[in-house]
file entry.pdb (PDB, C-alpha atoms, pLDDT in the B column)
MODEL        1
ATOM      1  CA  MET A 218      59.975 128.651 -69.972  1.00 82.00           C
ATOM      2  CA  LYS A 219      56.312 128.110 -70.785  1.00 94.00           C
ATOM      3  CA  LEU A 220      54.401 125.992 -68.249  1.00 97.00           C
ATOM      4  CA  SER A 221      51.175 124.114 -68.857  1.00 98.00           C
ATOM      5  CA  VAL A 222      49.209 123.010 -65.808  1.00 98.00           C
ATOM      6  CA  VAL A 223      46.996 119.958 -66.279  1.00 98.00           C
ATOM      7  CA  VAL A 224      44.295 119.321 -63.688  1.00 97.00           C
ATOM      8  CA  GLN A 225      43.437 115.628 -63.398  1.00 95.00           C
ATOM      9  CA  ALA A 226      39.693 115.213 -62.916  1.00 92.00           C
ATOM     10  CA  GLY A 227      39.397 111.665 -64.226  1.00 70.00           C
ATOM     11  CA  GLY A 228      38.872 109.755 -60.997  1.00 60.00           C
ATOM     12  CA  GLU A 229      35.707 107.810 -60.384  1.00 57.00           C
ATOM     13  CA  SER A 230      34.992 109.355 -56.937  1.00 56.00           C
ATOM     14  CA  LYS A 231      33.690 105.988 -55.693  1.00 57.00           C
ATOM     15  CA  ARG A 232      34.299 106.685 -52.006  1.00 53.00           C
ATOM     16  CA  MET A 233      32.776 110.157 -52.234  1.00 57.00           C
ATOM     17  CA  GLY A 234      29.587 108.916 -53.876  1.00 52.00           C
ATOM     18  CA  SER A 235      29.461 111.802 -56.378  1.00 67.00           C
ATOM     19  CA  ASN A 236      31.851 113.710 -58.628  1.00 80.00           C
ATOM     20  CA  LYS A 237      34.127 115.407 -56.105  1.00 87.00           C
ATOM     21  CA  ALA A 238      35.406 117.931 -58.655  1.00 91.00           C
ATOM     22  CA  LEU A 239      31.925 119.481 -58.609  1.00 93.00           C
ATOM     23  CA  LEU A 240      31.265 119.433 -54.859  1.00 92.00           C
ATOM     24  CA  PRO A 241      30.936 122.923 -53.382  1.00 94.00           C
ATOM     25  CA  PHE A 242      34.036 123.842 -51.383  1.00 95.00           C
ATOM     26  CA  LEU A 243      33.592 127.124 -49.533  1.00 95.00           C
ATOM     27  CA  GLY A 244      30.853 128.010 -52.005  1.00 93.00           C
ATOM     28  CA  GLN A 245      32.533 127.078 -55.299  1.00 95.00           C
ATOM     29  CA  PRO A 246      33.138 123.749 -57.054  1.00 95.00           C
ATOM     30  CA  LEU A 247      36.311 122.135 -55.727  1.00 96.00           C
ATOM     31  CA  ILE A 248      37.892 122.088 -59.184  1.00 97.00           C
ATOM     32  CA  VAL A 249      37.332 125.847 -59.484  1.00 97.00           C
ATOM     33  CA  ARG A 250      39.229 126.382 -56.241  1.00 97.00           C
ATOM     34  CA  VAL A 251      42.140 124.329 -57.596  1.00 97.00           C
ATOM     35  CA  ILE A 252      42.119 126.237 -60.911  1.00 98.00           C
ATOM     36  CA  GLU A 253      42.044 129.610 -59.155  1.00 97.00           C
ATOM     37  CA  ARG A 254      45.074 128.616 -57.070  1.00 97.00           C
ATOM     38  CA  ILE A 255      47.204 127.546 -60.051  1.00 98.00           C
ATOM     39  CA  LYS A 256      46.077 130.250 -62.483  1.00 97.00           C
ATOM     40  CA  PRO A 257      48.848 132.755 -61.564  1.00 97.00           C
ATOM     41  CA  ILE A 258      51.639 130.369 -62.643  1.00 97.00           C
ATOM     42  CA  ALA A 259      50.055 128.718 -65.697  1.00 98.00           C
ATOM     43  CA  ASP A 260      50.585 129.694 -69.326  1.00 97.00           C
ATOM     44  CA  GLU A 261      47.753 127.321 -70.143  1.00 97.00           C
ATOM     45  CA  ILE A 262      45.353 125.225 -68.053  1.00 98.00           C
ATOM     46  CA  LEU A 263      44.029 121.921 -69.381  1.00 98.00           C
ATOM     47  CA  ILE A 264      41.649 119.431 -67.785  1.00 97.00           C
ATOM     48  CA  THR A 265      41.719 115.648 -68.155  1.00 95.00           C
ATOM     49  CA  THR A 266      38.350 114.086 -67.439  1.00 92.00           C
ATOM     50  CA  ASN A 267      36.191 111.162 -68.458  1.00 87.00           C
ATOM     51  CA  GLN A 268      33.060 113.234 -67.823  1.00 88.00           C
ATOM     52  CA  PRO A 269      33.619 116.283 -70.047  1.00 91.00           C
ATOM     53  CA  GLN A 270      29.918 117.057 -70.204  1.00 92.00           C
ATOM     54  CA  ASP A 271      30.039 117.991 -66.496  1.00 92.00           C
ATOM     55  CA  LEU A 272      32.916 120.462 -66.837  1.00 95.00           C
ATOM     56  CA  THR A 273      32.061 122.521 -69.914  1.00 96.00           C
ATOM     57  CA  PHE A 274      31.195 125.439 -67.593  1.00 96.00           C
ATOM     58  CA  LEU A 275      34.952 125.879 -66.934  1.00 97.00           C
ATOM     59  CA  HIS A 276      35.519 127.023 -70.554  1.00 97.00           C
ATOM     60  CA  LEU A 277      38.862 125.228 -70.598  1.00 98.00           C
ATOM     61  CA  PRO A 278      40.138 122.481 -72.928  1.00 97.00           C
ATOM     62  CA  LEU A 279      38.861 119.072 -71.772  1.00 97.00           C
ATOM     63  CA  TYR A 280      40.542 115.770 -72.690  1.00 96.00           C
ATOM     64  CA  GLY A 281      39.559 112.163 -72.037  1.00 93.00           C
ATOM     65  CA  ASP A 282      42.133 109.488 -71.222  1.00 91.00           C
ATOM     66  CA  ILE A 283      43.985 108.360 -74.319  1.00 92.00           C
ATOM     67  CA  LEU A 284      44.462 104.936 -72.714  1.00 89.00           C
ATOM     68  CA  PRO A 285      41.372 104.143 -70.627  1.00 85.00           C
ATOM     69  CA  GLY A 286      41.936 101.497 -67.987  1.00 83.00           C
ATOM     70  CA  TYR A 287      45.473 102.556 -67.063  1.00 87.00           C
ATOM     71  CA  GLY A 288      44.394 104.565 -64.031  1.00 88.00           C
ATOM     72  CA  ALA A 289      46.679 107.271 -62.700  1.00 90.00           C
ATOM     73  CA  LEU A 290      49.558 106.333 -65.003  1.00 93.00           C
ATOM     74  CA  GLY A 291      47.283 106.599 -68.042  1.00 93.00           C
ATOM     75  CA  GLY A 292      46.097 109.963 -66.756  1.00 93.00           C
ATOM     76  CA  LEU A 293      49.682 111.154 -66.516  1.00 96.00           C
ATOM     77  CA  LEU A 294      50.372 110.010 -70.083  1.00 97.00           C
ATOM     78  CA  THR A 295      47.304 111.927 -71.246  1.00 96.00           C
ATOM     79  CA  ALA A 296      48.447 115.072 -69.427  1.00 97.00           C
ATOM     80  CA  LEU A 297      51.915 114.904 -70.975  1.00 98.00           C
ATOM     81  CA  THR A 298      50.406 114.256 -74.417  1.00 98.00           C
ATOM     82  CA  VAL A 299      47.915 117.148 -74.479  1.00 97.00           C
ATOM     83  CA  SER A 300      50.297 119.727 -72.997  1.00 97.00           C
ATOM     84  CA  THR A 301      51.659 122.199 -75.543  1.00 96.00           C
ATOM     85  CA  SER A 302      54.503 123.459 -73.328  1.00 97.00           C
ATOM     86  CA  PRO A 303      58.074 122.265 -72.712  1.00 97.00           C
ATOM     87  CA  LEU A 304      57.228 121.968 -69.008  1.00 98.00           C
ATOM     88  CA  THR A 305      54.044 120.463 -67.601  1.00 98.00           C
ATOM     89  CA  ALA A 306      52.750 120.578 -64.051  1.00 98.00           C
ATOM     90  CA  VAL A 307      50.145 117.953 -63.179  1.00 98.00           C
ATOM     91  CA  VAL A 308      47.841 118.391 -60.190  1.00 98.00           C
ATOM     92  CA  ALA A 309      44.873 116.461 -58.861  1.00 95.00           C
ATOM     93  CA  CYS A 310      41.462 118.124 -58.747  1.00 95.00           C
ATOM     94  CA  ASP A 311      40.872 116.859 -55.207  1.00 94.00           C
ATOM     95  CA  MET A 312      43.792 118.715 -53.572  1.00 96.00           C
ATOM     96  CA  PRO A 313      42.247 121.914 -52.189  1.00 96.00           C
ATOM     97  CA  PHE A 314      45.589 123.209 -50.883  1.00 97.00           C
ATOM     98  CA  VAL A 315      47.625 122.770 -54.080  1.00 97.00           C
ATOM     99  CA  SER A 316      50.528 125.232 -53.858  1.00 97.00           C
ATOM    100  CA  PRO A 317      51.447 127.533 -56.749  1.00 97.00           C
ATOM    101  CA  GLU A 318      54.548 128.599 -54.814  1.00 97.00           C
ATOM    102  CA  LEU A 319      55.799 125.026 -54.531  1.00 98.00           C
ATOM    103  CA  LEU A 320      54.994 124.294 -58.189  1.00 98.00           C
ATOM    104  CA  SER A 321      56.942 127.402 -59.245  1.00 98.00           C
ATOM    105  CA  TYR A 322      59.892 126.277 -57.139  1.00 98.00           C
ATOM    106  CA  GLN A 323      59.727 122.826 -58.729  1.00 98.00           C
ATOM    107  CA  ALA A 324      59.740 124.360 -62.207  1.00 98.00           C
ATOM    108  CA  GLN A 325      62.744 126.517 -61.300  1.00 97.00           C
ATOM    109  CA  LEU A 326      64.659 123.497 -60.010  1.00 97.00           C
ATOM    110  CA  LEU A 327      63.855 121.549 -63.159  1.00 97.00           C
ATOM    111  CA  GLU A 328      65.177 124.330 -65.377  1.00 95.00           C
ATOM    112  CA  LYS A 329      68.213 125.429 -63.367  1.00 96.00           C
ATOM    113  CA  GLU A 330      69.474 121.991 -62.396  1.00 95.00           C
ATOM    114  CA  GLU A 331      68.377 120.240 -65.608  1.00 93.00           C
ATOM    115  CA  TRP A 332      66.133 117.560 -64.125  1.00 98.00           C
ATOM    116  CA  ASP A 333      63.415 115.768 -66.079  1.00 98.00           C
ATOM    117  CA  ALA A 334      60.905 115.653 -63.226  1.00 98.00           C
ATOM    118  CA  VAL A 335      60.670 117.359 -59.844  1.00 98.00           C
ATOM    119  CA  ILE A 336      58.419 115.491 -57.424  1.00 98.00           C
ATOM    120  CA  PRO A 337      57.613 116.244 -53.778  1.00 98.00           C
ATOM    121  CA  ARG A 338      58.121 113.418 -51.310  1.00 96.00           C
ATOM    122  CA  GLY A 339      56.243 113.908 -48.055  1.00 91.00           C
ATOM    123  CA  GLU A 340      55.143 111.708 -45.162  1.00 87.00           C
ATOM    124  CA  GLN A 341      52.796 109.753 -47.442  1.00 88.00           C
ATOM    125  CA  GLY A 342      55.504 109.135 -50.048  1.00 93.00           C
ATOM    126  CA  PHE A 343      55.802 110.437 -53.598  1.00 95.00           C
ATOM    127  CA  GLU A 344      53.356 113.093 -54.820  1.00 96.00           C
ATOM    128  CA  PRO A 345      53.475 112.849 -58.636  1.00 96.00           C
ATOM    129  CA  PHE A 346      50.163 114.698 -58.865  1.00 96.00           C
ATOM    130  CA  HIS A 347      51.834 117.809 -57.544  1.00 97.00           C
ATOM    131  CA  GLY A 348      54.681 117.255 -60.006  1.00 98.00           C
ATOM    132  CA  VAL A 349      56.496 119.238 -62.677  1.00 98.00           C
ATOM    133  CA  PHE A 350      57.783 117.390 -65.735  1.00 98.00           C
ATOM    134  CA  ARG A 351      59.884 117.935 -68.840  1.00 98.00           C
ATOM    135  CA  THR A 352      57.025 117.148 -71.175  1.00 98.00           C
ATOM    136  CA  THR A 353      58.614 115.258 -74.072  1.00 98.00           C
ATOM    137  CA  THR A 354      61.128 113.269 -72.034  1.00 98.00           C
ATOM    138  CA  CYS A 355      58.632 112.182 -69.407  1.00 98.00           C
ATOM    139  CA  ARG A 356      55.963 111.332 -71.958  1.00 98.00           C
ATOM    140  CA  TRP A 357      58.466 109.014 -73.641  1.00 98.00           C
ATOM    141  CA  ALA A 358      59.359 107.386 -70.302  1.00 98.00           C
ATOM    142  CA  VAL A 359      55.729 106.874 -69.259  1.00 98.00           C
ATOM    143  CA  GLN A 360      54.930 105.373 -72.656  1.00 97.00           C
ATOM    144  CA  GLN A 361      57.876 102.979 -72.316  1.00 97.00           C
ATOM    145  CA  VAL A 362      56.607 101.453 -69.068  1.00 97.00           C
ATOM    146  CA  ILE A 363      52.991 101.362 -70.246  1.00 96.00           C
ATOM    147  CA  ASP A 364      54.135  99.431 -73.309  1.00 96.00           C
ATOM    148  CA  LYS A 365      55.578  96.855 -70.898  1.00 95.00           C
ATOM    149  CA  GLY A 366      52.257  96.544 -69.083  1.00 92.00           C
ATOM    150  CA  GLU A 367      53.184  98.621 -66.027  1.00 91.00           C
ATOM    151  CA  LYS A 368      50.452 100.490 -64.178  1.00 90.00           C
ATOM    152  CA  LYS A 369      52.378 101.740 -61.147  1.00 93.00           C
ATOM    153  CA  VAL A 370      52.451 105.524 -61.372  1.00 93.00           C
ATOM    154  CA  ILE A 371      56.169 105.803 -60.499  1.00 95.00           C
ATOM    155  CA  ALA A 372      57.353 102.857 -62.623  1.00 96.00           C
ATOM    156  CA  TRP A 373      59.020 105.201 -65.125  1.00 98.00           C
ATOM    157  CA  PHE A 374      61.208 107.079 -62.599  1.00 97.00           C
ATOM    158  CA  PRO A 375      64.340 104.974 -63.322  1.00 97.00           C
ATOM    159  CA  LEU A 376      64.253 106.066 -66.983  1.00 98.00           C
ATOM    160  CA  VAL A 377      64.688 109.785 -66.262  1.00 98.00           C
ATOM    161  CA  ARG A 378      66.433 112.213 -63.917  1.00 98.00           C
ATOM    162  CA  VAL A 379      64.092 112.786 -60.980  1.00 98.00           C
ATOM    163  CA  ARG A 380      64.678 115.369 -58.262  1.00 98.00           C
ATOM    164  CA  PHE A 381      62.700 115.002 -55.034  1.00 98.00           C
ATOM    165  CA  VAL A 382      61.635 117.948 -52.890  1.00 98.00           C
ATOM    166  CA  GLU A 383      61.562 116.705 -49.308  1.00 97.00           C
ATOM    167  CA  GLY A 384      62.507 117.397 -45.700  1.00 96.00           C
ATOM    168  CA  ASP A 385      63.233 121.007 -44.773  1.00 95.00           C
ATOM    169  CA  ASP A 386      63.151 121.968 -48.453  1.00 96.00           C
ATOM    170  CA  LEU A 387      59.511 120.900 -48.594  1.00 97.00           C
ATOM    171  CA  ASN A 388      58.509 121.989 -45.099  1.00 95.00           C
ATOM    172  CA  ARG A 389      59.120 125.655 -45.813  1.00 96.00           C
ATOM    173  CA  PHE A 390      56.308 125.503 -48.380  1.00 96.00           C
ATOM    174  CA  ASP A 391      54.104 123.206 -46.312  1.00 93.00           C
ATOM    175  CA  PRO A 392      54.735 123.837 -42.605  1.00 92.00           C
ATOM    176  CA  LEU A 393      51.240 122.637 -41.651  1.00 88.00           C
ATOM    177  CA  GLY A 394      51.248 119.558 -43.874  1.00 90.00           C
ATOM    178  CA  TYR A 395      48.167 120.576 -45.886  1.00 93.00           C
ATOM    179  CA  ILE A 396      49.373 120.753 -49.494  1.00 96.00           C
ATOM    180  CA  PHE A 397      48.965 117.101 -50.416  1.00 95.00           C
ATOM    181  CA  MET A 398      45.734 116.549 -48.514  1.00 93.00           C
ATOM    182  CA  ASN A 399      43.213 115.067 -50.908  1.00 90.00           C
ATOM    183  CA  VAL A 400      39.537 114.505 -50.320  1.00 91.00           C
ATOM    184  CA  ASN A 401      38.275 111.023 -51.116  1.00 87.00           C
ATOM    185  CA  THR A 402      35.466 110.730 -48.574  1.00 88.00           C
ATOM    186  CA  PRO A 403      32.807 113.077 -47.147  1.00 89.00           C
ATOM    187  CA  ASP A 404      34.707 113.180 -43.822  1.00 90.00           C
ATOM    188  CA  GLU A 405      37.962 114.189 -45.534  1.00 91.00           C
ATOM    189  CA  PHE A 406      36.090 116.819 -47.520  1.00 92.00           C
ATOM    190  CA  GLU A 407      34.556 118.280 -44.375  1.00 92.00           C
ATOM    191  CA  THR A 408      37.922 118.355 -42.606  1.00 93.00           C
ATOM    192  CA  ALA A 409      39.620 120.107 -45.528  1.00 94.00           C
ATOM    193  CA  GLU A 410      36.860 122.682 -45.811  1.00 93.00           C
ATOM    194  CA  ARG A 411      37.115 123.420 -42.105  1.00 93.00           C
ATOM    195  CA  LEU A 412      40.888 123.927 -42.409  1.00 92.00           C
ATOM    196  CA  ALA A 413      40.432 126.157 -45.444  1.00 91.00           C
ATOM    197  CA  GLN A 414      37.874 128.262 -43.569  1.00 89.00           C
ATOM    198  CA  THR A 415      40.351 128.686 -40.703  1.00 84.00           C
ATOM    199  CA  GLU A 416      43.016 129.724 -43.222  1.00 76.00           C
ATOM    200  CA  ARG A 417      40.620 132.287 -44.676  1.00 68.00           C
ATOM    201  CA  ASP A 418      39.717 133.649 -41.235  1.00 62.00           C
TER
ENDMDL
END

call {"tool": "encode", "arguments": {"input": "entry.pdb", "output": "structure tokens"}}
result
Amino acid sequence: MKLSVVVQAGGESKRMGSNKALLPFLGQPLIVRVIERIKPIADEILITTNQPQDLTFLHLPLYGDILPGYGALGGLLTALTVSTSPLTAVVACDMPFVSPELLSYQAQLLEKEEWDAVIPRGEQGFEPFHGVFRTTTCRWAVQQVIDKGEKKVIAWFPLVRVRFVEGDDLNRFDPLGYIFMNVNTPDEFETAERLAQTERD
């Protein structure tokens, strides 16, 4: 089944001090690294951003939030609205170790076992921005909770069938615990780049 991958680049990068999507990570903008990692599994790649003028060089469709002010939940609604595929994967632009293998596994689970969303759950909790979603169903659910004034990014889970990837099932894709590492500060960025360089070596 066709899979759209939406890269969320709408954050304000306050703790980083500059747009982290554009920071050079091993010689290329961080968002380019993320796109290159997901490209093999994507039938289409879309970008959500509130600074489209900075990302035109990607030559990919760019979309602003359809509901500004709703944070991550609004970003998820935007992703599920602009996707043209039955299945949508949503990933954050600040996750340099995003895993195409795990996303593919999530998509397979969603199709074979007829879930509406397949979300990893690691040591830090739910990871909806490494999630795979049944586009129409999840868009409806997200809209329902937004209409009630909710802003919590997992507030819509009770409205759909959610499968969590966790424990040993998750560890085989992420034995080192890197996949969900995101870079919000210069120190985190430096650490992630060092780990990525070690991986490359």

call {"tool": "closest_residue", "arguments": {"input": "entry.pdb", "among": "A:Thr408, A:Ser321, A:Gln361, A:Ser300", "to": "Val222 in chain A", "atoms": "only C-alpha atoms"}}
result
A:Ser300

call {"tool": "residues_around", "arguments": {"input": "entry.pdb", "residues": "Val249 in chain A", "least_positions_apart": "5", "cutoff": "12 Å", "atoms": "all atoms listed in the file", "output": "VMD selection string"}}
result
chain A and resid 224 226 237 to 244 254 to 256 262 264 272 274 to 277 310 to 313

call {"tool": "residues_around", "arguments": {"input": "entry.pdb", "residues": "Met218 in chain A", "least_positions_apart": "3", "cutoff": "9 Å", "atoms": "all atoms listed in the file", "output": "MDAnalysis selection string"}}
result
chainID A and resid 302:304 324 328

call {"tool": "atom_distance", "arguments": {"input": "entry.pdb", "atom1": "CA of Val377 in chain A", "atom2": "CA of Asp333 in chain A"}}
result
6.1 Å

call {"tool": "closest_residue", "arguments": {"input": "entry.pdb", "among": "A:Arg250, A:Arg356, A:Arg411, A:Arg351", "to": "Gly292 in chain A", "atoms": "all atoms listed in the file"}}
result
A:Arg356

call {"tool": "resolve_selection", "arguments": {"input": "entry.pdb", "expression": "the PyMOL selection byres ((chain A and resi 396-407) around 10)", "output": "mmCIF file with C-alpha atoms, in the frame of the given file"}}
result
data_model
loop_
_atom_site.group_PDB
_atom_site.id
_atom_site.type_symbol
_atom_site.label_atom_id
_atom_site.label_comp_id
_atom_site.auth_asym_id
_atom_site.auth_seq_id
_atom_site.Cartn_x
_atom_site.Cartn_y
_atom_site.Cartn_z
ATOM 1 C CA GLY A 228 38.872 109.755 -60.997
ATOM 2 C CA SER A 230 34.992 109.355 -56.937
ATOM 3 C CA LYS A 231 33.690 105.988 -55.693
ATOM 4 C CA ARG A 232 34.299 106.685 -52.006
ATOM 5 C CA MET A 233 32.776 110.157 -52.234
ATOM 6 C CA GLY A 234 29.587 108.916 -53.876
ATOM 7 C CA SER A 235 29.461 111.802 -56.378
ATOM 8 C CA LYS A 237 34.127 115.407 -56.105
ATOM 9 C CA ALA A 238 35.406 117.931 -58.655
ATOM 10 C CA LEU A 240 31.265 119.433 -54.859
ATOM 11 C CA PRO A 241 30.936 122.923 -53.382
ATOM 12 C CA PHE A 242 34.036 123.842 -51.383
ATOM 13 C CA LEU A 247 36.311 122.135 -55.727
ATOM 14 C CA VAL A 308 47.841 118.391 -60.190
ATOM 15 C CA ALA A 309 44.873 116.461 -58.861
ATOM 16 C CA CYS A 310 41.462 118.124 -58.747
ATOM 17 C CA ASP A 311 40.872 116.859 -55.207
ATOM 18 C CA MET A 312 43.792 118.715 -53.572
ATOM 19 C CA PRO A 313 42.247 121.914 -52.189
ATOM 20 C CA PHE A 314 45.589 123.209 -50.883
ATOM 21 C CA VAL A 315 47.625 122.770 -54.080
ATOM 22 C CA SER A 316 50.528 125.232 -53.858
ATOM 23 C CA LEU A 319 55.799 125.026 -54.531
ATOM 24 C CA PRO A 337 57.613 116.244 -53.778
ATOM 25 C CA ARG A 338 58.121 113.418 -51.310
ATOM 26 C CA GLY A 339 56.243 113.908 -48.055
ATOM 27 C CA GLU A 340 55.143 111.708 -45.162
ATOM 28 C CA GLN A 341 52.796 109.753 -47.442
ATOM 29 C CA GLU A 344 53.356 113.093 -54.820
ATOM 30 C CA PHE A 346 50.163 114.698 -58.865
ATOM 31 C CA HIS A 347 51.834 117.809 -57.544
ATOM 32 C CA PHE A 390 56.308 125.503 -48.380
ATOM 33 C CA ASP A 391 54.104 123.206 -46.312
ATOM 34 C CA PRO A 392 54.735 123.837 -42.605
ATOM 35 C CA LEU A 393 51.240 122.637 -41.651
ATOM 36 C CA GLY A 394 51.248 119.558 -43.874
ATOM 37 C CA TYR A 395 48.167 120.576 -45.886
ATOM 38 C CA THR A 408 37.922 118.355 -42.606
ATOM 39 C CA ALA A 409 39.620 120.107 -45.528
ATOM 40 C CA GLU A 410 36.860 122.682 -45.811
ATOM 41 C CA ARG A 411 37.115 123.420 -42.105
ATOM 42 C CA LEU A 412 40.888 123.927 -42.409
ATOM 43 C CA ALA A 413 40.432 126.157 -45.444
#

call {"tool": "residues_near_point", "arguments": {"input": "entry.pdb", "point": "(59.9, 122.7, -56.7)", "cutoff": "10 Å", "atoms": "only C-alpha atoms", "output": "NGL selection string"}}
result
:A and (317-327 or 334-337 or 347-349 or 380-383 or 386-387 or 390)

call {"tool": "atom_distance", "arguments": {"input": "entry.pdb", "atom1": "CA of Ser221 in chain A", "atom2": "CA of Glu261 in chain A"}}
result
4.9 Å

call {"tool": "atom_distance", "arguments": {"input": "entry.pdb", "atom1": "CA of Asp282 in chain A", "atom2": "CA of Val379 in chain A"}}
result
24.5 Å

call {"tool": "closest_residue", "arguments": {"input": "entry.pdb", "among": "A:Gln360, A:Thr301, A:Asn236, A:Thr273", "to": "Tyr287 in chain A", "atoms": "all atoms listed in the file"}}
result
A:Gln360

call {"tool": "axis_aligned_box", "arguments": {"input": "entry.pdb", "around": "range 259-267 of chain A", "padding_each_side": "5 Å", "output": "AutoDock Vina command-line options"}}
result
--center_x 43.4 --center_y 120.4 --center_z -67.9 --size_x 24.4 --size_y 28.5 --size_z 14.4

call {"tool": "resolve_selection", "arguments": {"input": "entry.pdb", "expression": "the PyMOL selection byres ((chain A and resi 358) around 9)", "output": "ChimeraX atom specification"}}
result
/A:353-357,359-363,373-377

call {"tool": "resolve_selection", "arguments": {"input": "entry.pdb", "expression": "the PyMOL selection byres ((chain A and resi 293) around 9)", "output": "list in words"}}
result
Gln225, Gly288, Ala289, Leu290, Gly291, Gly292, Leu294, Thr295, Ala296, Leu297, Thr298, Val307, Pro345, Phe346, Arg356, Val359 and Val370 of chain A

call {"tool": "closest_residue", "arguments": {"input": "entry.pdb", "among": "A:Gly384, A:Glu253, A:Tyr280, A:Lys365", "to": "Thr265 in chain A", "atoms": "only C-alpha atoms"}}
result
A:Tyr280

call {"tool": "decode", "arguments": {"input": "entry.pdb", "residues": "range 294-332 of chain A", "atoms": "C-alpha atoms", "output": "PDB file, in the first residue's frame"}}
result
ATOM      1  CA  LEU A 294      -3.216  17.100  11.703  1.00  0.00           C
ATOM      2  CA  THR A 295      -1.444  18.981   8.916  1.00  0.00           C
ATOM      3  CA  ALA A 296       0.616  15.908   8.006  1.00  0.00           C
ATOM      4  CA  LEU A 297      -2.467  13.691   7.837  1.00  0.00           C
ATOM      5  CA  THR A 298      -4.315  16.323   5.787  1.00  0.00           C
ATOM      6  CA  VAL A 299      -1.656  16.901   3.110  1.00  0.00           C
ATOM      7  CA  SER A 300      -0.777  13.222   2.652  1.00  0.00           C
ATOM      8  CA  THR A 301      -2.180  11.695  -0.534  1.00  0.00           C
ATOM      9  CA  SER A 302      -1.649   8.071   0.545  1.00  0.00           C
ATOM     10  CA  PRO A 303      -3.752   5.596   2.549  1.00  0.00           C
ATOM     11  CA  LEU A 304      -0.842   5.251   4.985  1.00  0.00           C
ATOM     12  CA  THR A 305       1.223   8.123   6.353  1.00  0.00           C
ATOM     13  CA  ALA A 306       4.463   7.981   8.296  1.00  0.00           C
ATOM     14  CA  VAL A 307       5.325  11.117  10.261  1.00  0.00           C
ATOM     15  CA  VAL A 308       8.883  11.805  11.398  1.00  0.00           C
ATOM     16  CA  ALA A 309      10.580  14.740  13.073  1.00  0.00           C
ATOM     17  CA  CYS A 310      13.315  16.619  11.227  1.00  0.00           C
ATOM     18  CA  ASP A 311      15.529  16.605  14.323  1.00  0.00           C
ATOM     19  CA  MET A 312      15.884  12.805  14.605  1.00  0.00           C
ATOM     20  CA  PRO A 313      19.161  12.009  12.827  1.00  0.00           C
ATOM     21  CA  PHE A 314      18.799   8.254  13.396  1.00  0.00           C
ATOM     22  CA  VAL A 315      15.243   7.849  12.071  1.00  0.00           C
ATOM     23  CA  SER A 316      14.903   4.208  10.992  1.00  0.00           C
ATOM     24  CA  PRO A 317      13.429   3.233   7.619  1.00  0.00           C
ATOM     25  CA  GLU A 318      13.533  -0.413   8.713  1.00  0.00           C
ATOM     26  CA  LEU A 319      11.407   0.279  11.782  1.00  0.00           C
ATOM     27  CA  LEU A 320       8.979   2.454   9.797  1.00  0.00           C
ATOM     28  CA  SER A 321       8.576  -0.336   7.224  1.00  0.00           C
ATOM     29  CA  TYR A 322       7.886  -2.816  10.011  1.00  0.00           C
ATOM     30  CA  GLN A 323       5.303  -0.452  11.493  1.00  0.00           C
ATOM     31  CA  ALA A 324       3.576  -0.127   8.122  1.00  0.00           C
ATOM     32  CA  GLN A 325       3.516  -3.914   7.730  1.00  0.00           C
ATOM     33  CA  LEU A 326       1.973  -4.355  11.176  1.00  0.00           C
ATOM     34  CA  LEU A 327      -0.656  -1.733  10.415  1.00  0.00           C
ATOM     35  CA  GLU A 328      -1.667  -3.486   7.206  1.00  0.00           C
ATOM     36  CA  LYS A 329      -1.460  -7.119   8.310  1.00  0.00           C
ATOM     37  CA  GLU A 330      -3.051  -6.722  11.725  1.00  0.00           C
ATOM     38  CA  GLU A 331      -5.471  -3.943  10.719  1.00  0.00           C
ATOM     39  CA  TRP A 332      -4.411  -1.265  13.193  1.00  0.00           C
TER      40      TRP A 332
END
